[in-house]
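**Student:** Pasting final_9.cif below, which is mmCIF, N, CA and C atoms.
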data_upload
#
loop_
_atom_site.label_atom_id
_atom_site.label_comp_id
_atom_site.auth_asym_id
_atom_site.auth_seq_id
_atom_site.Cartn_x
_atom_site.Cartn_y
_atom_site.Cartn_z
N MET A 205 184.84 77.17 205.41
CA MET A 205 186.22 77.35 204.98
C MET A 205 186.63 78.78 205.29
N THR A 206 187.52 78.97 206.21
CA THR A 206 187.91 80.30 206.62
C THR A 206 189.28 80.70 206.10
N GLU A 207 190.10 79.73 205.76
CA GLU A 207 191.43 80.06 205.29
C GLU A 207 191.41 80.27 203.78
N SER A 208 192.32 81.10 203.35
CA SER A 208 192.46 81.36 201.93
C SER A 208 193.38 80.31 201.33
N ALA A 209 192.92 79.67 200.28
CA ALA A 209 193.75 78.69 199.59
C ALA A 209 193.84 79.10 198.13
N PRO A 210 194.93 78.77 197.48
CA PRO A 210 195.04 79.11 196.06
C PRO A 210 193.85 78.51 195.31
N GLY A 211 193.15 79.36 194.61
CA GLY A 211 191.99 78.90 193.85
C GLY A 211 190.77 78.66 194.72
N GLY A 212 190.92 78.85 196.03
CA GLY A 212 189.80 78.63 196.96
C GLY A 212 189.03 79.92 197.21
N PHE A 213 188.01 79.80 198.00
CA PHE A 213 187.17 80.96 198.34
C PHE A 213 187.64 81.53 199.67
N ALA A 214 188.11 82.77 199.64
CA ALA A 214 188.65 83.40 200.84
C ALA A 214 187.60 84.23 201.57
N LYS A 215 186.61 84.71 200.86
CA LYS A 215 185.65 85.63 201.46
C LYS A 215 184.43 84.90 201.99
N ASP A 216 183.91 85.46 203.05
CA ASP A 216 182.63 85.03 203.60
C ASP A 216 181.56 85.28 202.53
N PRO A 217 180.61 84.38 202.35
CA PRO A 217 179.59 84.59 201.31
C PRO A 217 178.85 85.93 201.45
N ALA A 218 178.70 86.41 202.66
CA ALA A 218 178.00 87.69 202.86
C ALA A 218 178.79 88.87 202.30
N GLU A 219 180.08 88.68 202.05
CA GLU A 219 180.93 89.76 201.54
C GLU A 219 181.13 89.69 200.03
N ARG A 220 180.50 88.74 199.39
CA ARG A 220 180.66 88.57 197.94
C ARG A 220 179.54 89.32 197.23
N GLY A 221 179.84 90.49 196.80
CA GLY A 221 178.85 91.29 196.09
C GLY A 221 178.55 92.58 196.83
N ARG A 222 177.66 93.34 196.25
CA ARG A 222 177.36 94.67 196.76
C ARG A 222 175.86 94.86 196.80
N THR A 223 175.37 95.54 197.78
CA THR A 223 173.95 95.86 197.89
C THR A 223 173.80 97.36 197.77
N SER A 224 172.93 97.78 196.86
CA SER A 224 172.65 99.21 196.75
C SER A 224 171.17 99.42 197.04
N ILE A 225 170.86 100.53 197.66
CA ILE A 225 169.49 100.84 198.05
C ILE A 225 169.09 102.14 197.34
N ALA A 226 168.00 102.09 196.60
CA ALA A 226 167.54 103.25 195.84
C ALA A 226 166.96 104.31 196.77
N ASP A 227 167.06 105.56 196.34
CA ASP A 227 166.49 106.67 197.11
C ASP A 227 165.01 106.42 197.42
N GLY A 228 164.27 105.91 196.43
CA GLY A 228 162.84 105.68 196.61
C GLY A 228 162.52 104.68 197.70
N VAL A 229 163.38 103.71 197.91
CA VAL A 229 163.17 102.73 198.98
C VAL A 229 163.25 103.43 200.33
N VAL A 230 164.28 104.23 200.52
CA VAL A 230 164.45 104.95 201.77
C VAL A 230 163.31 105.95 201.96
N GLU A 231 162.87 106.59 200.88
CA GLU A 231 161.76 107.55 200.96
C GLU A 231 160.47 106.87 201.42
N LYS A 232 160.21 105.68 200.91
CA LYS A 232 159.00 104.96 201.34
C LYS A 232 159.06 104.57 202.80
N ILE A 233 160.20 104.06 203.22
CA ILE A 233 160.36 103.67 204.63
C ILE A 233 160.15 104.88 205.53
N ALA A 234 160.80 105.99 205.18
CA ALA A 234 160.70 107.21 205.98
C ALA A 234 159.27 107.76 205.98
N GLY A 235 158.60 107.71 204.83
CA GLY A 235 157.23 108.20 204.74
C GLY A 235 156.28 107.42 205.62
N LEU A 236 156.41 106.10 205.59
CA LEU A 236 155.56 105.27 206.44
C LEU A 236 155.85 105.51 207.92
N ALA A 237 157.13 105.61 208.26
CA ALA A 237 157.51 105.83 209.66
C ALA A 237 157.01 107.17 210.16
N ALA A 238 157.06 108.20 209.34
CA ALA A 238 156.59 109.52 209.74
C ALA A 238 155.09 109.52 209.95
N ARG A 239 154.35 108.83 209.10
CA ARG A 239 152.89 108.78 209.22
C ARG A 239 152.42 108.05 210.47
N GLU A 240 153.27 107.19 211.03
CA GLU A 240 152.91 106.45 212.24
C GLU A 240 152.84 107.34 213.48
N VAL A 241 153.42 108.52 213.41
CA VAL A 241 153.51 109.39 214.57
C VAL A 241 152.20 110.16 214.77
N ALA A 242 151.69 110.12 215.99
CA ALA A 242 150.48 110.87 216.33
C ALA A 242 150.75 112.36 216.16
N GLY A 243 149.81 113.06 215.55
CA GLY A 243 149.97 114.49 215.31
C GLY A 243 150.36 114.83 213.90
N VAL A 244 150.83 113.83 213.13
CA VAL A 244 151.14 114.05 211.72
C VAL A 244 149.85 113.82 210.95
N HIS A 245 149.33 114.88 210.36
CA HIS A 245 148.08 114.77 209.61
C HIS A 245 148.33 114.28 208.18
N ALA A 246 149.36 114.82 207.55
CA ALA A 246 149.66 114.47 206.16
C ALA A 246 151.11 114.76 205.87
N MET A 247 151.55 114.28 204.74
CA MET A 247 152.91 114.53 204.27
C MET A 247 152.83 115.34 203.00
N GLY A 248 153.79 116.23 202.81
CA GLY A 248 153.85 117.02 201.60
C GLY A 248 153.36 118.42 201.82
N SER A 249 153.11 119.08 200.72
CA SER A 249 152.73 120.49 200.75
C SER A 249 151.50 120.73 201.58
N GLY A 250 151.50 121.85 202.27
CA GLY A 250 150.41 122.18 203.16
C GLY A 250 149.16 122.68 202.48
N SER A 251 149.26 123.24 201.30
CA SER A 251 148.06 123.80 200.70
C SER A 251 147.12 122.69 200.29
N GLY A 252 145.87 122.89 200.57
CA GLY A 252 144.87 121.89 200.24
C GLY A 252 144.85 121.57 198.76
N LEU A 253 145.02 122.60 197.94
CA LEU A 253 145.01 122.40 196.50
C LEU A 253 146.17 121.51 196.06
N SER A 254 147.34 121.74 196.63
CA SER A 254 148.50 120.91 196.28
C SER A 254 148.28 119.47 196.71
N ARG A 255 147.69 119.27 197.89
CA ARG A 255 147.41 117.91 198.36
C ARG A 255 146.41 117.25 197.43
N THR A 256 145.42 118.01 196.98
CA THR A 256 144.41 117.46 196.08
C THR A 256 145.04 117.02 194.77
N PHE A 257 145.86 117.89 194.17
CA PHE A 257 146.53 117.52 192.93
C PHE A 257 147.45 116.33 193.13
N GLY A 258 148.13 116.30 194.27
CA GLY A 258 149.01 115.17 194.57
C GLY A 258 148.24 113.87 194.68
N ALA A 259 147.07 113.91 195.30
CA ALA A 259 146.24 112.71 195.43
C ALA A 259 145.75 112.24 194.06
N VAL A 260 145.39 113.17 193.21
CA VAL A 260 144.95 112.82 191.85
C VAL A 260 146.12 112.23 191.08
N ARG A 261 147.28 112.86 191.17
CA ARG A 261 148.48 112.39 190.46
C ARG A 261 148.84 110.97 190.91
N ASP A 262 148.65 110.66 192.20
CA ASP A 262 148.98 109.33 192.71
C ASP A 262 148.08 108.26 192.12
N ARG A 263 146.88 108.64 191.71
CA ARG A 263 145.93 107.66 191.18
C ARG A 263 146.12 107.43 189.68
N VAL A 264 146.89 108.27 189.04
CA VAL A 264 147.12 108.15 187.60
C VAL A 264 148.31 107.21 187.37
N PRO A 265 148.12 106.16 186.56
CA PRO A 265 149.26 105.28 186.28
C PRO A 265 150.43 106.07 185.70
N GLY A 266 151.60 105.83 186.21
CA GLY A 266 152.78 106.54 185.74
C GLY A 266 152.92 107.92 186.36
N GLY A 267 152.05 108.24 187.35
CA GLY A 267 152.15 109.52 188.05
C GLY A 267 153.48 109.59 188.78
N SER A 268 153.73 110.72 189.38
CA SER A 268 155.03 110.87 190.04
C SER A 268 155.14 109.99 191.27
N LYS A 269 155.69 110.50 192.34
CA LYS A 269 155.94 109.73 193.54
C LYS A 269 154.68 109.05 194.06
N SER A 270 154.87 107.92 194.71
CA SER A 270 153.73 107.25 195.33
C SER A 270 153.29 108.05 196.55
N ALA A 271 152.06 107.81 196.98
CA ALA A 271 151.52 108.53 198.13
C ALA A 271 152.38 108.28 199.37
N VAL A 272 152.97 107.11 199.45
CA VAL A 272 153.78 106.76 200.62
C VAL A 272 155.00 107.66 200.75
N SER A 273 155.60 108.02 199.64
CA SER A 273 156.83 108.81 199.71
C SER A 273 156.60 110.30 199.45
N ARG A 274 155.33 110.71 199.32
CA ARG A 274 155.05 112.14 199.12
C ARG A 274 155.55 112.92 200.34
N GLY A 275 156.25 114.02 200.09
CA GLY A 275 156.77 114.84 201.17
C GLY A 275 158.09 114.37 201.73
N VAL A 276 158.72 113.41 201.07
CA VAL A 276 160.00 112.87 201.55
C VAL A 276 161.01 112.92 200.42
N LYS A 277 162.20 113.40 200.73
CA LYS A 277 163.31 113.41 199.78
C LYS A 277 164.51 112.80 200.48
N ALA A 278 165.07 111.77 199.87
CA ALA A 278 166.24 111.10 200.45
C ALA A 278 167.44 111.25 199.53
N GLU A 279 168.59 111.39 200.15
CA GLU A 279 169.86 111.36 199.44
C GLU A 279 170.62 110.18 200.03
N VAL A 280 170.82 109.16 199.22
CA VAL A 280 171.40 107.91 199.71
C VAL A 280 172.80 107.71 199.16
N GLY A 281 173.75 107.49 200.07
CA GLY A 281 175.12 107.15 199.69
C GLY A 281 175.34 105.67 199.91
N GLU A 282 176.60 105.25 199.97
CA GLU A 282 176.91 103.83 200.16
C GLU A 282 176.64 103.38 201.58
N VAL A 283 176.90 104.24 202.57
CA VAL A 283 176.72 103.83 203.96
C VAL A 283 175.88 104.82 204.77
N GLN A 284 175.52 105.95 204.18
CA GLN A 284 174.77 106.98 204.90
C GLN A 284 173.62 107.50 204.06
N THR A 285 172.64 108.11 204.75
CA THR A 285 171.55 108.76 204.06
C THR A 285 171.14 110.01 204.83
N ALA A 286 170.62 110.98 204.10
CA ALA A 286 170.08 112.21 204.69
C ALA A 286 168.67 112.38 204.14
N LEU A 287 167.76 112.86 204.99
CA LEU A 287 166.35 112.95 204.62
C LEU A 287 165.80 114.34 204.86
N ASP A 288 164.91 114.76 203.97
CA ASP A 288 164.13 115.98 204.14
C ASP A 288 162.67 115.57 204.11
N LEU A 289 161.90 115.97 205.13
CA LEU A 289 160.49 115.65 205.21
C LEU A 289 159.68 116.92 205.30
N GLU A 290 158.54 116.93 204.64
CA GLU A 290 157.60 118.04 204.72
C GLU A 290 156.31 117.46 205.28
N ILE A 291 155.86 118.02 206.42
CA ILE A 291 154.68 117.46 207.08
C ILE A 291 153.63 118.53 207.36
N VAL A 292 152.39 118.04 207.53
CA VAL A 292 151.27 118.85 207.98
C VAL A 292 150.89 118.28 209.33
N VAL A 293 150.81 119.13 210.35
CA VAL A 293 150.48 118.65 211.69
C VAL A 293 149.04 118.99 212.05
N ASP A 294 148.50 118.23 212.98
CA ASP A 294 147.16 118.51 213.50
C ASP A 294 147.22 119.71 214.43
N TYR A 295 146.17 120.53 214.41
CA TYR A 295 146.09 121.69 215.30
C TYR A 295 146.08 121.21 216.75
N GLY A 296 146.81 121.92 217.59
CA GLY A 296 146.81 121.65 219.02
C GLY A 296 147.97 120.80 219.51
N VAL A 297 148.69 120.17 218.61
CA VAL A 297 149.82 119.35 219.04
C VAL A 297 151.07 120.23 219.17
N SER A 298 152.01 119.76 219.95
CA SER A 298 153.29 120.45 220.06
C SER A 298 154.12 120.11 218.83
N ILE A 299 154.40 121.10 218.00
CA ILE A 299 155.17 120.86 216.78
C ILE A 299 156.55 120.33 217.13
N ARG A 300 157.13 120.87 218.17
CA ARG A 300 158.46 120.41 218.59
C ARG A 300 158.44 118.93 218.96
N ASP A 301 157.40 118.51 219.73
CA ASP A 301 157.30 117.11 220.13
C ASP A 301 157.02 116.19 218.94
N VAL A 302 156.15 116.64 218.04
CA VAL A 302 155.85 115.84 216.85
C VAL A 302 157.11 115.69 215.99
N ALA A 303 157.83 116.78 215.79
CA ALA A 303 159.05 116.72 214.98
C ALA A 303 160.08 115.78 215.61
N ARG A 304 160.22 115.85 216.92
CA ARG A 304 161.16 114.96 217.62
C ARG A 304 160.75 113.49 217.44
N ALA A 305 159.45 113.21 217.60
CA ALA A 305 158.96 111.84 217.46
C ALA A 305 159.10 111.34 216.03
N VAL A 306 158.83 112.20 215.06
CA VAL A 306 159.00 111.82 213.65
C VAL A 306 160.46 111.50 213.38
N ARG A 307 161.35 112.38 213.84
CA ARG A 307 162.78 112.18 213.62
C ARG A 307 163.24 110.84 214.21
N GLU A 308 162.83 110.56 215.45
CA GLU A 308 163.23 109.31 216.11
C GLU A 308 162.68 108.09 215.39
N ASN A 309 161.40 108.14 214.99
CA ASN A 309 160.78 106.99 214.34
C ASN A 309 161.38 106.75 212.96
N VAL A 310 161.63 107.82 212.22
CA VAL A 310 162.21 107.69 210.88
C VAL A 310 163.64 107.13 210.97
N ILE A 311 164.44 107.67 211.86
CA ILE A 311 165.82 107.19 212.00
C ILE A 311 165.83 105.72 212.38
N SER A 312 165.01 105.35 213.34
CA SER A 312 164.95 103.96 213.79
C SER A 312 164.56 103.02 212.66
N ALA A 313 163.50 103.37 211.92
CA ALA A 313 163.02 102.50 210.85
C ALA A 313 164.03 102.39 209.71
N VAL A 314 164.58 103.51 209.27
CA VAL A 314 165.51 103.49 208.14
C VAL A 314 166.78 102.74 208.51
N GLU A 315 167.34 103.00 209.68
CA GLU A 315 168.58 102.32 210.07
C GLU A 315 168.36 100.82 210.28
N ARG A 316 167.23 100.45 210.87
CA ARG A 316 166.93 99.04 211.11
C ARG A 316 166.73 98.29 209.80
N MET A 317 166.00 98.88 208.87
CA MET A 317 165.66 98.17 207.64
C MET A 317 166.75 98.20 206.57
N THR A 318 167.55 99.25 206.55
CA THR A 318 168.54 99.39 205.47
C THR A 318 169.98 99.19 205.92
N GLY A 319 170.25 99.39 207.20
CA GLY A 319 171.63 99.33 207.67
C GLY A 319 172.40 100.61 207.38
N LEU A 320 171.76 101.59 206.75
CA LEU A 320 172.40 102.87 206.48
C LEU A 320 172.40 103.73 207.73
N GLU A 321 173.41 104.54 207.90
CA GLU A 321 173.42 105.52 208.99
C GLU A 321 172.67 106.76 208.53
N VAL A 322 171.68 107.16 209.30
CA VAL A 322 170.94 108.38 208.98
C VAL A 322 171.68 109.55 209.62
N VAL A 323 172.25 110.42 208.80
CA VAL A 323 173.06 111.51 209.32
C VAL A 323 172.23 112.73 209.69
N GLU A 324 171.06 112.91 209.03
CA GLU A 324 170.18 114.00 209.41
C GLU A 324 168.78 113.77 208.86
N VAL A 325 167.81 114.29 209.61
CA VAL A 325 166.41 114.30 209.18
C VAL A 325 165.91 115.72 209.38
N ASN A 326 165.77 116.44 208.28
CA ASN A 326 165.28 117.81 208.33
C ASN A 326 163.77 117.78 208.13
N ILE A 327 163.05 118.50 209.00
CA ILE A 327 161.60 118.49 208.94
C ILE A 327 161.09 119.90 208.73
N ALA A 328 160.27 120.06 207.69
CA ALA A 328 159.62 121.33 207.42
C ALA A 328 158.13 121.14 207.67
N VAL A 329 157.57 121.93 208.59
CA VAL A 329 156.14 121.89 208.85
C VAL A 329 155.52 122.94 207.94
N SER A 330 154.74 122.47 206.96
CA SER A 330 154.22 123.39 205.94
C SER A 330 152.79 123.85 206.21
N ASP A 331 152.08 123.20 207.14
CA ASP A 331 150.71 123.61 207.42
C ASP A 331 150.24 122.98 208.71
N VAL A 332 149.12 123.51 209.21
CA VAL A 332 148.45 122.97 210.38
C VAL A 332 147.03 122.63 209.96
N LYS A 333 146.60 121.41 210.22
CA LYS A 333 145.24 120.98 209.89
C LYS A 333 144.33 121.41 211.02
N LEU A 334 143.41 122.33 210.71
CA LEU A 334 142.45 122.82 211.70
C LEU A 334 141.31 121.82 211.85
N PRO A 335 140.72 121.76 213.03
CA PRO A 335 139.66 120.77 213.28
C PRO A 335 138.46 120.90 212.34
N ASP A 336 138.13 122.12 211.93
CA ASP A 336 136.95 122.32 211.09
C ASP A 336 137.23 122.26 209.59
N GLU A 337 138.51 122.05 209.22
CA GLU A 337 138.85 121.94 207.81
C GLU A 337 138.53 120.53 207.32
N GLU A 338 137.95 120.47 206.13
CA GLU A 338 137.72 119.16 205.52
C GLU A 338 138.96 118.77 204.75
N ASP A 339 139.21 117.47 204.71
CA ASP A 339 140.30 117.00 203.85
C ASP A 339 139.86 117.19 202.42
N GLU A 340 140.80 117.66 201.61
CA GLU A 340 140.46 117.96 200.23
C GLU A 340 140.88 116.84 199.28
N GLU A 341 140.75 115.62 199.75
CA GLU A 341 141.06 114.49 198.89
C GLU A 341 139.91 114.32 197.91
N PRO A 342 140.17 114.15 196.65
CA PRO A 342 139.09 113.98 195.69
C PRO A 342 138.40 112.63 195.91
N GLU A 343 137.12 112.62 195.71
CA GLU A 343 136.38 111.39 195.87
C GLU A 343 136.68 110.47 194.68
N SER A 344 136.77 109.19 194.96
CA SER A 344 137.00 108.23 193.90
C SER A 344 135.72 108.04 193.10
N ARG A 345 135.88 107.87 191.80
CA ARG A 345 134.73 107.61 190.96
C ARG A 345 134.36 106.13 190.99
N LEU A 346 135.23 105.32 191.57
CA LEU A 346 134.98 103.88 191.64
C LEU A 346 134.35 103.51 192.97
N GLN A 347 133.52 102.49 192.94
CA GLN A 347 132.89 102.03 194.17
C GLN A 347 133.30 100.61 194.45
#
What is this structure when it is put down as structure tokens?
**Tutor:**
Amino acid sequence: MTESAPGGFAKDPAERGRTSIADGVVEKIAGLAAREVAGVHAMGSGSGLSRTFGAVRDRVPGGSKSAVSRGVKAEVGEVQTALDLEIVVDYGVSIRDVARAVRENVISAVERMTGLEVVEVNIAVSDVKLPDEEDEEPESRLQ
């Protein structure tokens, strides 16, 4: 039924209602997309101690952000979103190339999955993972 009739349904069913997307949803999508890029070692603060505390916090029920969205901040409007990412890169990679690839992958994933226009993706490189550095993730007590 495409015509409007008195007492009838004038709108397409797809236009009846509103869809809202939470900041956390966009942050998770962006976090996963950023991690897919070669050269991205980790997301979030560069200091090993901060990463360690973040990993512990992620394992505690009711802890803050999930590991997937660590290092990602999204501001979501009705039709647009802006993102800030903090990444740690592997030593030896071109930071410019990694940042470009992260930006492209994040924009593609967020726009495809949410329909929102990504107006900007700001990337802060907070550290470089050296080949001889050990990851400071705490060992799990569970086996």
**Student:** Gly248 (chain A): which residues within 5 Å, counting only N, CA and C atoms, same-chain residues fewer than 2 positions away excluded, as an mmCIF file with N, CA and C atoms, in the coordinates of the input?
**Tutor:**
data_model
loop_
_atom_site.group_PDB
_atom_site.id
_atom_site.type_symbol
_atom_site.label_atom_id
_atom_site.label_comp_id
_atom_site.auth_asym_id
_atom_site.auth_seq_id
_atom_site.Cartn_x
_atom_site.Cartn_y
_atom_site.Cartn_z
ATOM 1 N N ALA A 246 149.360 114.820 207.550
ATOM 2 C CA ALA A 246 149.660 114.470 206.160
ATOM 3 C C ALA A 246 151.110 114.760 205.870
ATOM 4 N N GLY A 250 151.500 121.850 202.270
ATOM 5 C CA GLY A 250 150.410 122.180 203.160
ATOM 6 C C GLY A 250 149.160 122.680 202.480
ATOM 7 N N ARG A 274 155.330 110.710 199.320
ATOM 8 C CA ARG A 274 155.050 112.140 199.120
ATOM 9 C C ARG A 274 155.550 112.920 200.340
ATOM 10 N N GLY A 275 156.250 114.020 200.090
ATOM 11 C CA GLY A 275 156.770 114.840 201.170
ATOM 12 C C GLY A 275 158.090 114.370 201.730
ATOM 13 N N GLU A 290 158.540 116.930 204.640
ATOM 14 C CA GLU A 290 157.600 118.040 204.720
ATOM 15 C C GLU A 290 156.310 117.460 205.280
ATOM 16 N N ILE A 291 155.860 118.020 206.420
ATOM 17 C CA ILE A 291 154.680 117.460 207.080
ATOM 18 C C ILE A 291 153.630 118.530 207.360
#
**Student:** Given the PyMOL selection byres (((chain A and resi 317 and name CA) around 12) and name CA) and the file above, list the residues it selects as a PyMOL selection string.
**Tutor:** chain A and resi 225+229-230+232-234+237+310-316+318-322
**Student:** One number please: CA of Met247 (chain A) to CA of Val332 (chain A), in Å, one decimal.
**Tutor:**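 A separation of 11.3 Å between them.
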**Student:** Compute the distance from (161.1, 109.7, 212.2) to each atom, counting only C-alpha atoms, keep the residues with any atom at most 10 Å away, and return them as a list in words; use the coordinates of the file.
**Tutor:**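 Here is the list of nearby residues: Ile233, Ala234, Gly235, Leu236, Ala237, Ala238, Arg239, Glu240, Val241, Leu287, Leu289, Val302, Ala303, Arg304, Ala305, Val306, Arg307, Glu308, Asn309, Val310, Ile311, Ser312, Ala313, Val314, Val325, Asn326 and Ile327 of chain A.
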**Student:** Keeping only N, CA and C atoms, take the residues you just selected and write them out as a PDB file, in the frame of the given file.
**Tutor:**
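File again_24.pdb, as written:
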ATOM      1  N   ILE A 233     160.200 104.060 203.220  1.00  0.00           N
ATOM      2  CA  ILE A 233     160.360 103.670 204.630  1.00  0.00           C
ATOM      3  C   ILE A 233     160.150 104.880 205.530  1.00  0.00           C
ATOM      4  N   ALA A 234     160.800 105.990 205.180  1.00  0.00           N
ATOM      5  CA  ALA A 234     160.700 107.210 205.980  1.00  0.00           C
ATOM      6  C   ALA A 234     159.270 107.760 205.980  1.00  0.00           C
ATOM      7  N   GLY A 235     158.600 107.710 204.830  1.00  0.00           N
ATOM      8  CA  GLY A 235     157.230 108.200 204.740  1.00  0.00           C
ATOM      9  C   GLY A 235     156.280 107.420 205.620  1.00  0.00           C
ATOM     10  N   LEU A 236     156.410 106.100 205.590  1.00  0.00           N
ATOM     11  CA  LEU A 236     155.560 105.270 206.440  1.00  0.00           C
ATOM     12  C   LEU A 236     155.850 105.510 207.920  1.00  0.00           C
ATOM     13  N   ALA A 237     157.130 105.610 208.260  1.00  0.00           N
ATOM     14  CA  ALA A 237     157.510 105.830 209.660  1.00  0.00           C
ATOM     15  C   ALA A 237     157.010 107.170 210.160  1.00  0.00           C
ATOM     16  N   ALA A 238     157.060 108.200 209.340  1.00  0.00           N
ATOM     17  CA  ALA A 238     156.590 109.520 209.740  1.00  0.00           C
ATOM     18  C   ALA A 238     155.090 109.520 209.950  1.00  0.00           C
ATOM     19  N   ARG A 239     154.350 108.830 209.100  1.00  0.00           N
ATOM     20  CA  ARG A 239     152.890 108.780 209.220  1.00  0.00           C
ATOM     21  C   ARG A 239     152.420 108.050 210.470  1.00  0.00           C
ATOM     22  N   GLU A 240     153.270 107.190 211.030  1.00  0.00           N
ATOM     23  CA  GLU A 240     152.910 106.450 212.240  1.00  0.00           C
ATOM     24  C   GLU A 240     152.840 107.340 213.480  1.00  0.00           C
ATOM     25  N   VAL A 241     153.420 108.520 213.410  1.00  0.00           N
ATOM     26  CA  VAL A 241     153.510 109.390 214.570  1.00  0.00           C
ATOM     27  C   VAL A 241     152.200 110.160 214.770  1.00  0.00           C
ATOM     28  N   LEU A 287     167.760 112.860 204.990  1.00  0.00           N
ATOM     29  CA  LEU A 287     166.350 112.950 204.620  1.00  0.00           C
ATOM     30  C   LEU A 287     165.800 114.340 204.860  1.00  0.00           C
ATOM     31  N   LEU A 289     161.900 115.970 205.130  1.00  0.00           N
ATOM     32  CA  LEU A 289     160.490 115.650 205.210  1.00  0.00           C
ATOM     33  C   LEU A 289     159.680 116.920 205.300  1.00  0.00           C
ATOM     34  N   VAL A 302     156.150 116.640 218.040  1.00  0.00           N
ATOM     35  CA  VAL A 302     155.850 115.840 216.850  1.00  0.00           C
ATOM     36  C   VAL A 302     157.110 115.690 215.990  1.00  0.00           C
ATOM     37  N   ALA A 303     157.830 116.780 215.790  1.00  0.00           N
ATOM     38  CA  ALA A 303     159.050 116.720 214.980  1.00  0.00           C
ATOM     39  C   ALA A 303     160.080 115.780 215.610  1.00  0.00           C
ATOM     40  N   ARG A 304     160.220 115.850 216.920  1.00  0.00           N
ATOM     41  CA  ARG A 304     161.160 114.960 217.620  1.00  0.00           C
ATOM     42  C   ARG A 304     160.750 113.490 217.440  1.00  0.00           C
ATOM     43  N   ALA A 305     159.450 113.210 217.600  1.00  0.00           N
ATOM     44  CA  ALA A 305     158.960 111.840 217.460  1.00  0.00           C
ATOM     45  C   ALA A 305     159.100 111.340 216.030  1.00  0.00           C
ATOM     46  N   VAL A 306     158.830 112.200 215.060  1.00  0.00           N
ATOM     47  CA  VAL A 306     159.000 111.820 213.650  1.00  0.00           C
ATOM     48  C   VAL A 306     160.460 111.500 213.380  1.00  0.00           C
ATOM     49  N   ARG A 307     161.350 112.380 213.840  1.00  0.00           N
ATOM     50  CA  ARG A 307     162.780 112.180 213.620  1.00  0.00           C
ATOM     51  C   ARG A 307     163.240 110.840 214.210  1.00  0.00           C
ATOM     52  N   GLU A 308     162.830 110.560 215.450  1.00  0.00           N
ATOM     53  CA  GLU A 308     163.230 109.310 216.110  1.00  0.00           C
ATOM     54  C   GLU A 308     162.680 108.090 215.390  1.00  0.00           C
ATOM     55  N   ASN A 309     161.400 108.140 214.990  1.00  0.00           N
ATOM     56  CA  ASN A 309     160.780 106.990 214.340  1.00  0.00           C
ATOM     57  C   ASN A 309     161.380 106.750 212.960  1.00  0.00           C
ATOM     58  N   VAL A 310     161.630 107.820 212.220  1.00  0.00           N
ATOM     59  CA  VAL A 310     162.210 107.690 210.880  1.00  0.00           C
ATOM     60  C   VAL A 310     163.640 107.130 210.970  1.00  0.00           C
ATOM     61  N   ILE A 311     164.440 107.670 211.860  1.00  0.00           N
ATOM     62  CA  ILE A 311     165.820 107.190 212.000  1.00  0.00           C
ATOM     63  C   ILE A 311     165.830 105.720 212.380  1.00  0.00           C
ATOM     64  N   SER A 312     165.010 105.350 213.340  1.00  0.00           N
ATOM     65  CA  SER A 312     164.950 103.960 213.790  1.00  0.00           C
ATOM     66  C   SER A 312     164.560 103.020 212.660  1.00  0.00           C
ATOM     67  N   ALA A 313     163.500 103.370 211.920  1.00  0.00           N
ATOM     68  CA  ALA A 313     163.020 102.500 210.850  1.00  0.00           C
ATOM     69  C   ALA A 313     164.030 102.390 209.710  1.00  0.00           C
ATOM     70  N   VAL A 314     164.580 103.510 209.270  1.00  0.00           N
ATOM     71  CA  VAL A 314     165.510 103.490 208.140  1.00  0.00           C
ATOM     72  C   VAL A 314     166.780 102.740 208.510  1.00  0.00           C
ATOM     73  N   VAL A 325     167.810 114.290 209.610  1.00  0.00           N
ATOM     74  CA  VAL A 325     166.410 114.300 209.180  1.00  0.00           C
ATOM     75  C   VAL A 325     165.910 115.720 209.380  1.00  0.00           C
ATOM     76  N   ASN A 326     165.770 116.440 208.280  1.00  0.00           N
ATOM     77  CA  ASN A 326     165.280 117.810 208.330  1.00  0.00           C
ATOM     78  C   ASN A 326     163.770 117.780 208.130  1.00  0.00           C
ATOM     79  N   ILE A 327     163.050 118.500 209.000  1.00  0.00           N
ATOM     80  CA  ILE A 327     161.600 118.490 208.940  1.00  0.00           C
ATOM     81  C   ILE A 327     161.090 119.900 208.730  1.00  0.00           C
TER      82      ILE A 327
END
**Student:** Atom N of Val293 (chain A) and atom N of Val280 (chain A) are how many Å apart?
**Tutor:**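 Between these atoms lies a distance of 25.0 Å.
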